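Worksheet: the structure to be examined is printed underneath.
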Amino acid sequence: MVSELTAQSMGLVVLDMAGTTVADGGLVEQAFAVAAQELGVQPGSADHAAKLDYVRATMGESKISVFRYLFGEEALAQRANVAFEKAYGELVDGGRIAPVAGAREAIEELRGEGRTVVLTTGFARVTQDAILDALGWRDLVELTLCPADAGGRGRPYPDMVLSAFLRTAAVDGVRQIAVAGDTAYDMKSGVRAGAGVVAGVLTGAHDDAALRGAGATHVLGSVAELPAILRGVDA
């Protein structure tokens, strides 16, 4: 049953994928190891450890941006990104991902209440589509976005959140947007977009302190708690 949302309700919900709605069991680190070795970074080396630390610290950021920082030259960054996306896609095809417990039900509940839901990612479109296909989520939400869909800049920039706002025309102002994610970069993106709710979840990369430090208005055990939180905010 669709609830009666008011003009001030959180009518647009922008959700991260890996770590927030999708459990990937550390596939980012596994795919990074493949990409790093492609560029001659040997597992077990100090260089590999330092680069992996940076990958962990920047979870949620656009992956090509991460590789630009790590490898400097654009050609090397693009080469690493292609290897990463290929490796991650193969892991996805191998059945290595699943929904976060209660995530699909939460999305369906949000939509049932009349809210528009958008899924976003720091991955390339080809990888995002592979995840959606593996989970059977192609028709689950109204819109999915990757950095390339929003002009090329991923998190911590607000571009994907604002693109969701503009493309869906679901709400009248940015304060009616709720953003949820598992990383500090998700939180920064939501804050910079002016979202009324910026919810961190503890099912992914970053802890309570990191999420709150980046501007989270709420920290939840998982995205399954989000519908109840938004009903409280609406009230």
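We label chains A, B, ... in the order they appear in the structure tokens, count residues from 1 in each chain, and number ligands from 1 in the order shown.
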Could you build a table of the residues in segment 19-137 of chain A lying no more than 12 Å from segment 207-228 of chain A, giving for each the nearest pair of atoms and their separation in Å rounded to one decimal place, using only C-alpha atoms, ordered by chain and ascending residue number, as JSON lines?
```
{"residue": "A:Gly19", "atom": "CA", "partner": "A:Ser222", "partner_atom": "CA", "distance": 9.6}
{"residue": "A:Thr20", "atom": "CA", "partner": "A:Val223", "partner_atom": "CA", "distance": 6.5}
{"residue": "A:Thr21", "atom": "CA", "partner": "A:Val223", "partner_atom": "CA", "distance": 6.8}
{"residue": "A:Val22", "atom": "CA", "partner": "A:Val223", "partner_atom": "CA", "distance": 10.2}
{"residue": "A:Ala23", "atom": "CA", "partner": "A:Ser222", "partner_atom": "CA", "distance": 11.2}
{"residue": "A:Ala57", "atom": "CA", "partner": "A:Ala210", "partner_atom": "CA", "distance": 10.2}
{"residue": "A:Thr58", "atom": "CA", "partner": "A:Ala210", "partner_atom": "CA", "distance": 11.6}
{"residue": "A:Met59", "atom": "CA", "partner": "A:Ala210", "partner_atom": "CA", "distance": 11.8}
{"residue": "A:Gly60", "atom": "CA", "partner": "A:Leu211", "partner_atom": "CA", "distance": 11.9}
{"residue": "A:Pro99", "atom": "CA", "partner": "A:Val223", "partner_atom": "CA", "distance": 10.8}
{"residue": "A:Val100", "atom": "CA", "partner": "A:Ser222", "partner_atom": "CA", "distance": 8.1}
{"residue": "A:Ala101", "atom": "CA", "partner": "A:Ala224", "partner_atom": "CA", "distance": 7.5}
{"residue": "A:Gly102", "atom": "CA", "partner": "A:Ala224", "partner_atom": "CA", "distance": 5.1}
{"residue": "A:Ala103", "atom": "CA", "partner": "A:Ala224", "partner_atom": "CA", "distance": 5.6}
{"residue": "A:Arg104", "atom": "CA", "partner": "A:Ala224", "partner_atom": "CA", "distance": 8.5}
{"residue": "A:Glu105", "atom": "CA", "partner": "A:Ala224", "partner_atom": "CA", "distance": 7.5}
{"residue": "A:Ala106", "atom": "CA", "partner": "A:Ala224", "partner_atom": "CA", "distance": 5.2}
{"residue": "A:Ile107", "atom": "CA", "partner": "A:Pro227", "partner_atom": "CA", "distance": 8.3}
{"residue": "A:Glu108", "atom": "CA", "partner": "A:Pro227", "partner_atom": "CA", "distance": 9.8}
{"residue": "A:Glu109", "atom": "CA", "partner": "A:Pro227", "partner_atom": "CA", "distance": 6.9}
{"residue": "A:Leu110", "atom": "CA", "partner": "A:Pro227", "partner_atom": "CA", "distance": 6.0}
{"residue": "A:Arg111", "atom": "CA", "partner": "A:Pro227", "partner_atom": "CA", "distance": 9.7}
{"residue": "A:Gly112", "atom": "CA", "partner": "A:Pro227", "partner_atom": "CA", "distance": 10.3}
{"residue": "A:Glu113", "atom": "CA", "partner": "A:Pro227", "partner_atom": "CA", "distance": 8.8}
{"residue": "A:Gly114", "atom": "CA", "partner": "A:Pro227", "partner_atom": "CA", "distance": 11.4}
{"residue": "A:Arg115", "atom": "CA", "partner": "A:Pro227", "partner_atom": "CA", "distance": 10.0}
{"residue": "A:Val117", "atom": "CA", "partner": "A:Pro227", "partner_atom": "CA", "distance": 11.5}
```
Apply DSSP to the backbone of this structure and, from segment 165-206 of chain A, keep only the residues in strand (DSSP E); write these as number ranges by chain. A: 177-181, 197-201
Using all heavy atoms, can you export the residues from the last selection as a PDB file, in the first residue's frame?
```
ATOM      1  N   ILE A 177      15.920  14.685  -0.223  1.00  0.00           N
ATOM      2  CA  ILE A 177      16.705  13.525  -0.660  1.00  0.00           C
ATOM      3  C   ILE A 177      17.290  12.827   0.559  1.00  0.00           C
ATOM      4  O   ILE A 177      17.804  13.466   1.472  1.00  0.00           O
ATOM      5  CB  ILE A 177      17.859  13.942  -1.591  1.00  0.00           C
ATOM      6  CG1 ILE A 177      17.342  14.696  -2.813  1.00  0.00           C
ATOM      7  CG2 ILE A 177      18.664  12.708  -2.020  1.00  0.00           C
ATOM      8  CD1 ILE A 177      18.461  15.276  -3.675  1.00  0.00           C
ATOM      9  N   ALA A 178      17.224  11.507   0.558  1.00  0.00           N
ATOM     10  CA  ALA A 178      17.928  10.682   1.538  1.00  0.00           C
ATOM     11  C   ALA A 178      19.021   9.910   0.811  1.00  0.00           C
ATOM     12  O   ALA A 178      18.766   9.300  -0.231  1.00  0.00           O
ATOM     13  CB  ALA A 178      16.976   9.715   2.227  1.00  0.00           C
ATOM     14  N   VAL A 179      20.221   9.955   1.343  1.00  0.00           N
ATOM     15  CA  VAL A 179      21.364   9.236   0.778  1.00  0.00           C
ATOM     16  C   VAL A 179      21.813   8.195   1.795  1.00  0.00           C
ATOM     17  O   VAL A 179      21.878   8.485   2.993  1.00  0.00           O
ATOM     18  CB  VAL A 179      22.521  10.204   0.467  1.00  0.00           C
ATOM     19  CG1 VAL A 179      23.783   9.443   0.076  1.00  0.00           C
ATOM     20  CG2 VAL A 179      22.128  11.184  -0.632  1.00  0.00           C
ATOM     21  N   ALA A 180      22.124   6.991   1.340  1.00  0.00           N
ATOM     22  CA  ALA A 180      22.639   5.959   2.248  1.00  0.00           C
ATOM     23  C   ALA A 180      23.827   5.256   1.611  1.00  0.00           C
ATOM     24  O   ALA A 180      23.806   4.939   0.415  1.00  0.00           O
ATOM     25  CB  ALA A 180      21.550   4.942   2.596  1.00  0.00           C
ATOM     26  N   GLY A 181      24.856   5.014   2.422  1.00  0.00           N
ATOM     27  CA  GLY A 181      26.039   4.328   1.937  1.00  0.00           C
ATOM     28  C   GLY A 181      26.896   3.833   3.084  1.00  0.00           C
ATOM     29  O   GLY A 181      26.646   4.161   4.254  1.00  0.00           O
ATOM     30  N   VAL A 197      18.746  13.733   4.629  1.00  0.00           N
ATOM     31  CA  VAL A 197      19.190  12.576   5.408  1.00  0.00           C
ATOM     32  C   VAL A 197      20.422  11.996   4.731  1.00  0.00           C
ATOM     33  O   VAL A 197      20.415  11.746   3.522  1.00  0.00           O
ATOM     34  CB  VAL A 197      18.091  11.495   5.513  1.00  0.00           C
ATOM     35  CG1 VAL A 197      18.650  10.199   6.092  1.00  0.00           C
ATOM     36  CG2 VAL A 197      16.922  11.997   6.358  1.00  0.00           C
ATOM     37  N   VAL A 198      21.478  11.814   5.500  1.00  0.00           N
ATOM     38  CA  VAL A 198      22.700  11.172   5.008  1.00  0.00           C
ATOM     39  C   VAL A 198      22.995  10.033   5.981  1.00  0.00           C
ATOM     40  O   VAL A 198      23.522  10.257   7.073  1.00  0.00           O
ATOM     41  CB  VAL A 198      23.870  12.166   4.933  1.00  0.00           C
ATOM     42  CG1 VAL A 198      25.116  11.472   4.394  1.00  0.00           C
ATOM     43  CG2 VAL A 198      23.509  13.370   4.064  1.00  0.00           C
ATOM     44  N   ALA A 199      22.617   8.835   5.600  1.00  0.00           N
ATOM     45  CA  ALA A 199      22.663   7.689   6.505  1.00  0.00           C
ATOM     46  C   ALA A 199      23.827   6.769   6.177  1.00  0.00           C
ATOM     47  O   ALA A 199      23.957   6.288   5.050  1.00  0.00           O
ATOM     48  CB  ALA A 199      21.346   6.909   6.431  1.00  0.00           C
ATOM     49  N   GLY A 200      24.663   6.526   7.179  1.00  0.00           N
ATOM     50  CA  GLY A 200      25.715   5.540   7.036  1.00  0.00           C
ATOM     51  C   GLY A 200      25.222   4.181   7.483  1.00  0.00           C
ATOM     52  O   GLY A 200      24.390   4.086   8.390  1.00  0.00           O
ATOM     53  N   VAL A 201      25.716   3.129   6.834  1.00  0.00           N
ATOM     54  CA  VAL A 201      25.369   1.769   7.237  1.00  0.00           C
ATOM     55  C   VAL A 201      26.646   1.014   7.592  1.00  0.00           C
ATOM     56  O   VAL A 201      27.704   1.266   7.014  1.00  0.00           O
ATOM     57  CB  VAL A 201      24.580   1.023   6.144  1.00  0.00           C
ATOM     58  CG1 VAL A 201      23.260   1.717   5.860  1.00  0.00           C
ATOM     59  CG2 VAL A 201      25.401   0.882   4.859  1.00  0.00           C
TER      60      VAL A 201
END
```
Which of segment 54-218 of chain A DSSP labels helix (DSSP H, G or I), written as a ChimeraX atom specification: /A:54-57,63-71,74-93,103-112,125-135,147-150,159-168,174-176,184-193,208-213
Show which residues sit within 12 Å of Gln30 of chain A, as an MDAnalysis selection string. Count only C-alpha atoms, and ignore same-chain residues fewer than 4 positions away. chainID A and resid 24:26 34:37 43 52 55:56 83:92 96
One decimal, in Å: what's the spacing between atom CA of Leu15 of chain A and atom CA of Val118 of chain A?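 We find that atom CA of Leu15 of chain A and atom CA of Val118 of chain A lie 6.1 Å from each other.
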Enumerate, in order of chain and increasing residue number, the residues of segment 124-178 of chain A with an atom no farther than 7 Å from segment 61-73 of chain A, each with its shortest atom pair and distance in Å to one decimal, counting only C-alpha atoms, as a tab-separated table.
```
residue	atom	partner	partner_atom	distance
A:Pro147	CA	A:Ser62	CA	6.8
A:Gly154	CA	A:Ser62	CA	4.8
A:Arg155	CA	A:Glu61	CA	4.8
A:Pro156	CA	A:Glu61	CA	6.3
```
Writing out the chosen residues with N, CA, C and O atoms as a CSV table (one decimal), in the first residue's frame:
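What ended up in out32.csv:
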```csv
chain,number,residue,atom,x,y,z
A,147,PRO,N,29.5,6.9,-12.2
A,147,PRO,CA,30.1,8.2,-12.4
A,147,PRO,C,30.0,8.7,-13.9
A,147,PRO,O,29.7,9.9,-14.0
A,154,GLY,N,32.9,10.8,-9.7
A,154,GLY,CA,32.2,10.0,-8.7
A,154,GLY,C,32.3,10.7,-7.4
A,154,GLY,O,32.5,11.8,-7.2
A,155,ARG,N,32.0,9.9,-6.3
A,155,ARG,CA,32.1,10.4,-5.0
A,155,ARG,C,33.6,10.7,-4.6
A,155,ARG,O,34.5,10.1,-5.2
A,156,PRO,N,33.8,11.7,-3.8
A,156,PRO,CA,32.9,12.4,-2.9
A,156,PRO,C,32.2,13.5,-3.5
A,156,PRO,O,31.5,14.3,-2.8
```
Atomic separation - atom CA of Gly95 of chain A relative to atom CA of Arg153 of chain A, Å: 29.1 Å
Given only C-alpha atoms as the counted atoms, nearest of A:Val28, A:Gln8, A:Leu145, A:Phe123 to Val233 of chain A: A:Gln8
Using only C-alpha atoms, can you tell me which of A:Ala170, A:Ala80, A:Ala49, A:Cys146 comes closest to Met10 of chain A? A:Ala170
